[in-house]
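Participant: Here you go, work-v9.tsv (TSV, C-alpha atoms):
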```
chain	number	residue	atom	x	y	z
A	1	ASN	CA	-114.61	-135.73	-4.33
A	2	ALA	CA	-115.89	-134.11	-1.13
A	3	GLY	CA	-117.02	-130.87	-2.82
A	4	VAL	CA	-117.32	-128.07	-0.28
A	5	THR	CA	-116.71	-128.96	3.35
A	6	GLN	CA	-117.31	-126.82	6.43
A	7	THR	CA	-116.28	-127.15	10.05
A	8	PRO	CA	-117.67	-127.16	12.62
A	9	LYS	CA	-121.26	-128.28	11.95
A	10	PHE	CA	-122.56	-126.76	15.19
A	11	GLN	CA	-121.18	-124.18	17.59
A	12	VAL	CA	-122.45	-122.34	20.65
A	13	LEU	CA	-120.64	-119.17	21.72
A	14	LYS	CA	-121.08	-116.64	24.47
A	15	THR	CA	-121.35	-112.97	23.60
A	16	GLY	CA	-117.88	-111.53	23.04
A	17	GLN	CA	-116.17	-114.79	22.21
A	18	SER	CA	-114.35	-115.25	18.94
A	19	MET	CA	-114.24	-118.11	16.52
A	20	THR	CA	-113.31	-119.04	12.98
A	21	LEU	CA	-115.48	-121.02	10.58
A	22	GLN	CA	-113.50	-123.11	8.15
A	23	CYS	CA	-114.35	-123.89	4.55
A	24	ALA	CA	-112.49	-125.92	1.95
A	25	GLN	CA	-113.27	-127.00	-1.61
A	26	ASP	CA	-111.59	-129.63	-3.74
A	27	MET	CA	-113.02	-128.63	-7.13
A	28	ASN	CA	-110.16	-126.25	-8.03
A	29	HIS	CA	-112.63	-123.35	-8.05
A	30	ASN	CA	-111.35	-119.81	-8.19
A	31	SER	CA	-114.19	-118.08	-6.36
A	32	MET	CA	-115.54	-118.67	-2.87
A	33	TYR	CA	-118.35	-117.13	-0.84
A	34	TRP	CA	-119.75	-116.90	2.68
A	35	TYR	CA	-123.49	-116.54	3.24
A	36	ARG	CA	-125.69	-116.43	6.28
A	37	GLN	CA	-129.20	-117.86	6.35
A	38	ASP	CA	-131.79	-116.41	8.69
A	39	PRO	CA	-135.46	-117.37	9.04
A	40	GLY	CA	-137.63	-115.50	6.57
A	41	MET	CA	-134.68	-113.81	4.90
A	42	GLY	CA	-133.10	-116.34	2.61
A	43	LEU	CA	-129.33	-116.34	2.13
A	44	ARG	CA	-127.37	-113.11	2.30
A	45	LEU	CA	-123.80	-112.69	1.09
A	46	ILE	CA	-121.28	-111.74	3.78
A	47	TYR	CA	-117.98	-111.79	1.87
A	48	TYR	CA	-116.65	-113.30	-1.29
A	49	SER	CA	-113.29	-114.00	-2.84
A	50	ALA	CA	-112.97	-113.78	-6.59
A	51	SER	CA	-109.60	-115.48	-6.60
A	52	GLU	CA	-106.78	-116.42	-4.30
A	53	GLY	CA	-105.49	-113.31	-2.60
A	54	THR	CA	-108.60	-111.17	-3.03
A	55	THR	CA	-111.64	-110.63	-0.84
A	56	ASP	CA	-114.59	-108.26	-1.08
A	57	LYS	CA	-117.53	-107.29	1.08
A	58	GLY	CA	-120.97	-108.57	0.33
A	59	GLU	CA	-124.32	-107.41	1.60
A	60	VAL	CA	-123.80	-107.92	5.36
A	61	PRO	CA	-120.04	-107.78	6.20
A	62	ASN	CA	-120.19	-105.97	9.54
A	63	GLY	CA	-118.80	-108.00	12.43
A	64	TYR	CA	-116.94	-110.46	10.20
A	65	ASN	CA	-113.52	-110.89	8.65
A	66	VAL	CA	-112.36	-113.38	6.08
A	67	SER	CA	-109.13	-114.93	4.90
A	68	ARG	CA	-108.51	-116.65	1.61
A	69	LEU	CA	-105.72	-118.84	2.87
A	70	ASN	CA	-105.04	-120.49	-0.49
A	71	LYS	CA	-107.07	-121.56	-3.47
A	72	ARG	CA	-108.83	-124.31	-1.50
A	73	GLU	CA	-109.63	-122.58	1.79
A	74	PHE	CA	-111.72	-119.58	2.78
A	75	SER	CA	-112.31	-118.87	6.47
A	76	LEU	CA	-114.78	-116.60	8.22
A	77	ARG	CA	-113.91	-115.04	11.56
A	78	LEU	CA	-116.14	-113.53	14.21
A	79	GLU	CA	-113.89	-111.42	16.44
A	80	SER	CA	-116.49	-110.61	19.09
A	81	ALA	CA	-119.65	-112.62	18.64
A	82	ALA	CA	-123.05	-111.01	19.18
A	83	PRO	CA	-126.51	-112.62	19.49
A	84	SER	CA	-127.44	-111.01	16.14
A	85	GLN	CA	-124.88	-113.32	14.53
A	86	THR	CA	-126.88	-116.40	15.48
A	87	SER	CA	-127.49	-117.97	12.10
A	88	VAL	CA	-126.66	-120.78	9.74
A	89	TYR	CA	-123.53	-120.05	7.72
A	90	PHE	CA	-122.93	-121.48	4.27
A	91	CYS	CA	-119.76	-121.50	2.26
A	92	ALA	CA	-119.92	-121.84	-1.52
A	93	SER	CA	-117.53	-121.95	-4.44
A	94	SER	CA	-117.75	-121.46	-8.20
A	95	ASP	CA	-115.49	-121.99	-11.14
A	96	ARG	CA	-114.66	-118.39	-11.87
A	97	GLY	CA	-116.04	-115.03	-10.96
A	98	ALA	CA	-116.91	-113.11	-14.06
A	99	SER	CA	-119.99	-111.06	-14.83
A	100	SER	CA	-121.79	-114.09	-16.17
A	101	TYR	CA	-123.35	-116.65	-13.89
A	102	ASN	CA	-121.33	-119.64	-12.78
A	103	GLU	CA	-123.02	-122.29	-10.69
A	104	GLN	CA	-122.22	-122.05	-7.03
A	105	PHE	CA	-121.68	-125.26	-5.03
A	106	PHE	CA	-122.59	-125.12	-1.37
A	107	GLY	CA	-121.27	-126.75	1.77
A	108	PRO	CA	-123.58	-128.34	4.37
A	109	GLY	CA	-123.56	-125.30	6.66
A	110	THR	CA	-122.53	-124.37	10.20
A	111	ARG	CA	-125.26	-123.69	12.74
A	112	LEU	CA	-124.01	-121.01	15.14
A	113	THR	CA	-125.77	-119.88	18.30
A	114	VAL	CA	-124.54	-116.87	20.26
A	115	LEU	CA	-125.90	-116.61	23.79
B	1	GLY	CA	-133.85	-102.74	-5.45
B	2	ASN	CA	-133.52	-106.31	-6.63
B	3	SER	CA	-135.41	-108.91	-4.63
B	4	VAL	CA	-137.10	-112.29	-4.70
B	5	THR	CA	-140.37	-113.14	-2.97
B	6	GLN	CA	-141.49	-116.72	-2.36
B	7	MET	CA	-144.65	-118.14	-0.91
B	8	GLU	CA	-144.41	-118.88	2.76
B	9	GLY	CA	-144.29	-122.45	3.90
B	10	PRO	CA	-144.44	-125.00	5.04
B	11	VAL	CA	-146.22	-126.65	2.16
B	12	THR	CA	-147.56	-130.05	3.15
B	13	LEU	CA	-148.67	-132.49	0.47
B	14	SER	CA	-149.53	-136.14	0.10
B	15	GLU	CA	-147.43	-138.28	-2.19
B	16	GLU	CA	-148.39	-137.95	-5.89
B	17	ALA	CA	-150.01	-134.54	-5.34
B	18	PHE	CA	-149.34	-131.60	-7.66
B	19	LEU	CA	-146.86	-129.03	-6.42
B	20	THR	CA	-146.64	-125.31	-7.06
B	21	ILE	CA	-144.29	-122.99	-5.21
B	22	ASN	CA	-144.72	-119.38	-6.22
B	23	CYS	CA	-141.79	-117.07	-6.85
B	24	THR	CA	-141.85	-113.48	-8.06
B	25	TYR	CA	-138.96	-111.11	-8.50
B	26	THR	CA	-138.09	-107.45	-8.77
B	27	ALA	CA	-135.07	-106.56	-10.86
B	28	THR	CA	-133.77	-103.50	-12.64
B	29	GLY	CA	-132.35	-105.47	-15.58
B	30	TYR	CA	-132.83	-108.87	-17.16
B	31	PRO	CA	-131.95	-111.48	-14.56
B	32	SER	CA	-131.24	-115.16	-14.83
B	33	LEU	CA	-133.48	-117.17	-12.52
B	34	PHE	CA	-132.81	-120.28	-10.49
B	35	TRP	CA	-134.33	-122.78	-8.15
B	36	TYR	CA	-132.07	-124.30	-5.52
B	37	VAL	CA	-133.03	-127.20	-3.24
B	38	GLN	CA	-131.73	-127.95	0.24
B	39	TYR	CA	-132.26	-131.48	1.50
B	40	PRO	CA	-132.12	-132.08	5.26
B	41	GLY	CA	-128.59	-131.74	6.61
B	42	GLU	CA	-127.12	-130.76	3.25
B	43	GLY	CA	-126.07	-127.63	1.42
B	44	LEU	CA	-128.00	-126.02	-1.42
B	45	GLN	CA	-127.97	-127.66	-4.84
B	46	LEU	CA	-128.95	-126.11	-8.14
B	47	LEU	CA	-132.24	-127.67	-9.26
B	48	LEU	CA	-132.96	-125.79	-12.48
B	49	LYS	CA	-132.40	-122.48	-14.19
B	50	ALA	CA	-133.65	-120.18	-16.96
B	51	THR	CA	-131.62	-117.39	-18.44
B	52	LYS	CA	-134.14	-115.45	-20.55
B	53	ALA	CA	-137.83	-114.75	-20.87
B	54	ASP	CA	-140.03	-117.74	-21.84
B	55	ASP	CA	-137.25	-120.22	-21.12
B	56	LYS	CA	-138.36	-123.31	-19.24
B	57	GLY	CA	-135.96	-124.95	-16.82
B	58	SER	CA	-136.53	-128.57	-15.89
B	59	ASN	CA	-134.87	-131.27	-13.82
B	60	LYS	CA	-135.98	-134.34	-11.84
B	61	GLY	CA	-139.61	-133.79	-12.88
B	62	PHE	CA	-139.60	-130.17	-11.69
B	63	GLU	CA	-140.29	-127.31	-14.11
B	64	ALA	CA	-140.33	-123.53	-13.98
B	65	THR	CA	-141.00	-121.02	-16.76
B	66	TYR	CA	-139.45	-117.54	-16.83
B	67	ARG	CA	-142.41	-115.17	-17.20
B	68	LYS	CA	-141.22	-111.65	-17.80
B	69	GLU	CA	-144.71	-110.17	-18.07
B	70	THR	CA	-145.62	-111.33	-14.57
B	71	THR	CA	-142.03	-111.30	-13.21
B	72	SER	CA	-142.51	-114.85	-11.99
B	73	PHE	CA	-140.69	-118.17	-11.95
B	74	HIS	CA	-143.07	-120.61	-10.26
B	75	LEU	CA	-141.83	-124.12	-9.49
B	76	GLU	CA	-144.10	-127.04	-10.41
B	77	LYS	CA	-144.07	-130.80	-10.25
B	78	GLY	CA	-146.86	-133.06	-11.37
B	79	SER	CA	-146.47	-135.80	-8.78
B	80	VAL	CA	-144.35	-135.30	-5.69
B	81	GLN	CA	-142.58	-138.02	-3.77
B	82	VAL	CA	-141.56	-138.27	-0.13
B	83	SER	CA	-137.97	-137.83	-1.28
B	84	ASP	CA	-138.84	-134.33	-2.56
B	85	SER	CA	-139.23	-133.09	1.01
B	86	ALA	CA	-136.75	-130.23	1.28
B	87	VAL	CA	-136.46	-126.45	1.35
B	88	TYR	CA	-136.68	-124.77	-2.05
B	89	PHE	CA	-135.05	-121.40	-2.78
B	90	CYS	CA	-135.77	-119.15	-5.71
B	91	ALA	CA	-132.86	-116.90	-6.72
B	92	LEU	CA	-131.87	-114.37	-9.35
B	93	PHE	CA	-128.60	-113.25	-10.87
B	94	LEU	CA	-128.08	-109.97	-12.69
B	95	SER	CA	-125.18	-109.67	-15.10
B	96	GLY	CA	-122.87	-106.75	-14.48
B	97	GLY	CA	-122.48	-107.66	-10.85
B	98	TYR	CA	-119.97	-110.17	-9.61
B	99	ASN	CA	-121.62	-113.60	-9.72
B	100	LYS	CA	-123.82	-112.65	-6.77
B	101	LEU	CA	-127.10	-114.41	-6.22
B	102	ILE	CA	-130.13	-112.85	-4.56
B	103	PHE	CA	-132.19	-115.47	-2.76
B	104	GLY	CA	-135.76	-115.69	-1.66
B	105	ALA	CA	-136.59	-116.74	1.90
B	106	GLY	CA	-137.09	-120.39	1.00
B	107	THR	CA	-140.17	-122.61	1.12
B	108	ARG	CA	-140.20	-125.82	3.10
B	109	LEU	CA	-141.98	-128.74	1.44
B	110	ALA	CA	-143.09	-131.78	3.42
B	111	VAL	CA	-144.48	-134.75	1.49
B	112	HIS	CA	-146.27	-137.50	3.40
B	113	PRO	CA	-146.90	-141.06	2.21
```
Can the structure from this file be put into structure tokens for me?
Facilitator:
Amino acid sequence: NAGVTQTPKFQVLKTGQSMTLQCAQDMNHNSMYWYRQDPGMGLRLIYYSASEGTTDKGEVPNGYNVSRLNKREFSLRLESAAPSQTSVYFCASSDRGASSYNEQFFGPGTRLTVL
Amino acid sequence: GNSVTQMEGPVTLSEEAFLTINCTYTATGYPSLFWYVQYPGEGLQLLLKATKADDKGSNKGFEATYRKETTSFHLEKGSVQVSDSAVYFCALFLSGGYNKLIFGAGTRLAVHP
């Protein structure tokens, strides 16, 4: 059981380049999330997907797009990278997305630098 | 708005020392509170939780008590080990929203032999 996996682990981009961060989970979870982690700011939610086929904006969605490819996979795309998107990106999943708390399981993160 | 404030790190301790990491929150309702831990090179893991006032969460020797009167959820451990070196995040969840966590900035703990 790998849990939540993310690729790549590290990436350096130039301003204006595009890339897609990949995330997959093998726990048969319905809900998946993308966060960014910046120094002094904790984790902030970018997008989430309550279930296969649905996606919703989180706290900081600007500059990003997501795709819930199937139940296992949830990708995050930067169409035109900017230095402000330099961050560590975490993917997470949880059993179901209702109004009550369900533990979120996190991947190891992708460290992205935009020059 | 809803927010979580943690003490700034890094916190540096010797092995077997007592640990406290302060966490306070601001919330419009009655949140559930959590501590997550991030070991080097890994993702976040749930360490402990408390869902209502006066609840005490505990795990791996760590404890935290949900104090509504002081809006706090301080993390404590009586005797830290080198293996406890990690970043610790306090977080809250408010029901009515969609399973969204609000995190503090994180506190790095370094324990030396």
Participant: If you measure from atom CA of B:Thr107 to atom CA of B:Gly9, what distance in Å do you get, rounded to one decimal?
Facilitator: 5.0 Å
Participant: Could you check which of A:Phe106, A:Trp34, A:Phe10, A:Tyr89 is closest to A:Asn65, using all atoms listed in the file?
Facilitator: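 Going through A:Phe106, A:Trp34, A:Phe10, A:Tyr89 one by one, the smallest distance to A:Asn65 is for A:Trp34.
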Participant: Do me a favour and pick out the residues of chain B within 12 Å of chain A, using all atoms listed in the file, as a VMD selection string.
Facilitator: chain B and resid 3 to 10 31 to 51 87 to 108
Participant: Based on the selection just made, write C-alpha atoms of those residues as an mmCIF file, keeping the file's coordinate frame.
Facilitator:
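again.cif written:
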```
data_model
loop_
_atom_site.group_PDB
_atom_site.id
_atom_site.type_symbol
_atom_site.label_atom_id
_atom_site.label_comp_id
_atom_site.auth_asym_id
_atom_site.auth_seq_id
_atom_site.Cartn_x
_atom_site.Cartn_y
_atom_site.Cartn_z
ATOM 1 C CA SER B 3 -135.410 -108.910 -4.630
ATOM 2 C CA VAL B 4 -137.100 -112.290 -4.700
ATOM 3 C CA THR B 5 -140.370 -113.140 -2.970
ATOM 4 C CA GLN B 6 -141.490 -116.720 -2.360
ATOM 5 C CA MET B 7 -144.650 -118.140 -0.910
ATOM 6 C CA GLU B 8 -144.410 -118.880 2.760
ATOM 7 C CA GLY B 9 -144.290 -122.450 3.900
ATOM 8 C CA PRO B 10 -144.440 -125.000 5.040
ATOM 9 C CA PRO B 31 -131.950 -111.480 -14.560
ATOM 10 C CA SER B 32 -131.240 -115.160 -14.830
ATOM 11 C CA LEU B 33 -133.480 -117.170 -12.520
ATOM 12 C CA PHE B 34 -132.810 -120.280 -10.490
ATOM 13 C CA TRP B 35 -134.330 -122.780 -8.150
ATOM 14 C CA TYR B 36 -132.070 -124.300 -5.520
ATOM 15 C CA VAL B 37 -133.030 -127.200 -3.240
ATOM 16 C CA GLN B 38 -131.730 -127.950 0.240
ATOM 17 C CA TYR B 39 -132.260 -131.480 1.500
ATOM 18 C CA PRO B 40 -132.120 -132.080 5.260
ATOM 19 C CA GLY B 41 -128.590 -131.740 6.610
ATOM 20 C CA GLU B 42 -127.120 -130.760 3.250
ATOM 21 C CA GLY B 43 -126.070 -127.630 1.420
ATOM 22 C CA LEU B 44 -128.000 -126.020 -1.420
ATOM 23 C CA GLN B 45 -127.970 -127.660 -4.840
ATOM 24 C CA LEU B 46 -128.950 -126.110 -8.140
ATOM 25 C CA LEU B 47 -132.240 -127.670 -9.260
ATOM 26 C CA LEU B 48 -132.960 -125.790 -12.480
ATOM 27 C CA LYS B 49 -132.400 -122.480 -14.190
ATOM 28 C CA ALA B 50 -133.650 -120.180 -16.960
ATOM 29 C CA THR B 51 -131.620 -117.390 -18.440
ATOM 30 C CA VAL B 87 -136.460 -126.450 1.350
ATOM 31 C CA TYR B 88 -136.680 -124.770 -2.050
ATOM 32 C CA PHE B 89 -135.050 -121.400 -2.780
ATOM 33 C CA CYS B 90 -135.770 -119.150 -5.710
ATOM 34 C CA ALA B 91 -132.860 -116.900 -6.720
ATOM 35 C CA LEU B 92 -131.870 -114.370 -9.350
ATOM 36 C CA PHE B 93 -128.600 -113.250 -10.870
ATOM 37 C CA LEU B 94 -128.080 -109.970 -12.690
ATOM 38 C CA SER B 95 -125.180 -109.670 -15.100
ATOM 39 C CA GLY B 96 -122.870 -106.750 -14.480
ATOM 40 C CA GLY B 97 -122.480 -107.660 -10.850
ATOM 41 C CA TYR B 98 -119.970 -110.170 -9.610
ATOM 42 C CA ASN B 99 -121.620 -113.600 -9.720
ATOM 43 C CA LYS B 100 -123.820 -112.650 -6.770
ATOM 44 C CA LEU B 101 -127.100 -114.410 -6.220
ATOM 45 C CA ILE B 102 -130.130 -112.850 -4.560
ATOM 46 C CA PHE B 103 -132.190 -115.470 -2.760
ATOM 47 C CA GLY B 104 -135.760 -115.690 -1.660
ATOM 48 C CA ALA B 105 -136.590 -116.740 1.900
ATOM 49 C CA GLY B 106 -137.090 -120.390 1.000
ATOM 50 C CA THR B 107 -140.170 -122.610 1.120
ATOM 51 C CA ARG B 108 -140.200 -125.820 3.100
#
```
Participant: Which one is closest to B:His74: B:Val11, B:Gly1, B:Ala27, B:Lys56? Count only C-alpha atoms.
Facilitator: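 Ranked by minimum distance to B:His74, first place goes to B:Lys56.
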Participant: Name the closest residue to A:Arg77 among the candidates A:Ala2, A:Tyr35, A:Pro8, A:Ser18; distances are taken between atoms, counting all atoms listed in the file.
Facilitator: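 The shortest atom-to-atom distance to A:Arg77 comes from A:Ser18.
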Participant: Find the residues near stretch 63-71 of chain B: any atom within 6 Å, counting all atoms listed in the file, skip ones fewer than 4 places away on the same chain, and give them as a list in words.
Facilitator: Thr24, Tyr25, Ala53, Asp54, Asp55, Lys56, Gly57, Ser58, Leu75 and Glu76 of chain B
Participant: Which distance in Å separates atom CA of A:Glu73 and atom CA of A:Asp95, to one decimal?
Facilitator: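 Atom CA of A:Asp95 lies 14.2 Å from atom CA of A:Glu73.
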Participant: Here is a test: counting only C-alpha atoms, which residue of A:Met27, A:Met32, A:Val66, A:Val12 is nearest to A:Ser51?
Facilitator: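 Among the listed residues, A:Met32 lies closest to A:Ser51.
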Participant: With all atoms listed in the file as the basis for distance, which of A:Thr113, A:Val88, A:Leu21, A:Lys14 is at the shortest distance from A:Ser75?
Facilitator: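 Closest to A:Ser75 of all the choices is A:Leu21.
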Participant: Using Å and a single decimal, report how far atom CA of A:Ser87 sits from atom CA of A:Thr110.
Facilitator: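 Atom CA of A:Ser87 lies 8.3 Å from atom CA of A:Thr110.
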Participant: Find the residues around A:Gln17 up to 10 Å (only C-alpha atoms counted), leave out those fewer than 3 positions away in its own chain, and share them as a PDB file with C-alpha atoms, in the frame of the given file.
Facilitator:
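Done, and the output landed in part.pdb:
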```pdb
ATOM      1  CA  VAL A  12    -122.450-122.340  20.650  1.00  0.00           C
ATOM      2  CA  LEU A  13    -120.640-119.170  21.720  1.00  0.00           C
ATOM      3  CA  LYS A  14    -121.080-116.640  24.470  1.00  0.00           C
ATOM      4  CA  LEU A  78    -116.140-113.530  14.210  1.00  0.00           C
ATOM      5  CA  GLU A  79    -113.890-111.420  16.440  1.00  0.00           C
ATOM      6  CA  SER A  80    -116.490-110.610  19.090  1.00  0.00           C
ATOM      7  CA  ALA A  81    -119.650-112.620  18.640  1.00  0.00           C
ATOM      8  CA  ALA A  82    -123.050-111.010  19.180  1.00  0.00           C
ATOM      9  CA  VAL A 114    -124.540-116.870  20.260  1.00  0.00           C
TER      10      VAL A 114
END
```
Participant: Taking only C-alpha atoms into account, which of A:Thr15, A:Gln25, A:Thr7, A:Asn1 comes nearest A:Arg72?
Facilitator: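 Selected residue with least distance to A:Arg72: A:Gln25.
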Participant: Can you rebuild stretch 26-38 of chain B with N, CA and C atoms and give it as a CSV table (one decimal), keeping the file's coordinate frame?
Facilitator:
```csv
chain,number,residue,atom,x,y,z
B,26,THR,N,-138.2,-108.8,-8.4
B,26,THR,CA,-138.1,-107.4,-8.8
B,26,THR,C,-136.6,-107.3,-9.2
B,27,ALA,N,-136.4,-106.7,-10.4
B,27,ALA,CA,-135.1,-106.6,-10.9
B,27,ALA,C,-135.0,-105.4,-11.8
B,28,THR,N,-133.9,-104.7,-11.8
B,28,THR,CA,-133.8,-103.5,-12.6
B,28,THR,C,-133.3,-103.9,-14.1
B,29,GLY,N,-132.8,-105.0,-14.3
B,29,GLY,CA,-132.4,-105.5,-15.6
B,29,GLY,C,-133.1,-106.7,-16.0
B,30,TYR,N,-132.3,-107.6,-16.6
B,30,TYR,CA,-132.8,-108.9,-17.2
B,30,TYR,C,-132.1,-110.0,-16.5
B,31,PRO,N,-132.7,-110.5,-15.4
B,31,PRO,CA,-132.0,-111.5,-14.6
B,31,PRO,C,-132.0,-112.9,-15.1
B,32,SER,N,-131.1,-113.7,-14.7
B,32,SER,CA,-131.2,-115.2,-14.8
B,32,SER,C,-131.9,-115.6,-13.5
B,33,LEU,N,-132.7,-116.7,-13.7
B,33,LEU,CA,-133.5,-117.2,-12.5
B,33,LEU,C,-133.2,-118.6,-12.2
B,34,PHE,N,-133.2,-119.0,-10.9
B,34,PHE,CA,-132.8,-120.3,-10.5
B,34,PHE,C,-133.7,-120.8,-9.4
B,35,TRP,N,-133.8,-122.1,-9.3
B,35,TRP,CA,-134.3,-122.8,-8.2
B,35,TRP,C,-133.2,-123.7,-7.6
B,36,TYR,N,-133.0,-123.4,-6.3
B,36,TYR,CA,-132.1,-124.3,-5.5
B,36,TYR,C,-132.9,-125.1,-4.5
B,37,VAL,N,-132.4,-126.3,-4.2
B,37,VAL,CA,-133.0,-127.2,-3.2
B,37,VAL,C,-132.0,-127.6,-2.1
B,38,GLN,N,-132.6,-127.6,-0.9
B,38,GLN,CA,-131.7,-128.0,0.2
B,38,GLN,C,-132.4,-129.1,0.9
```
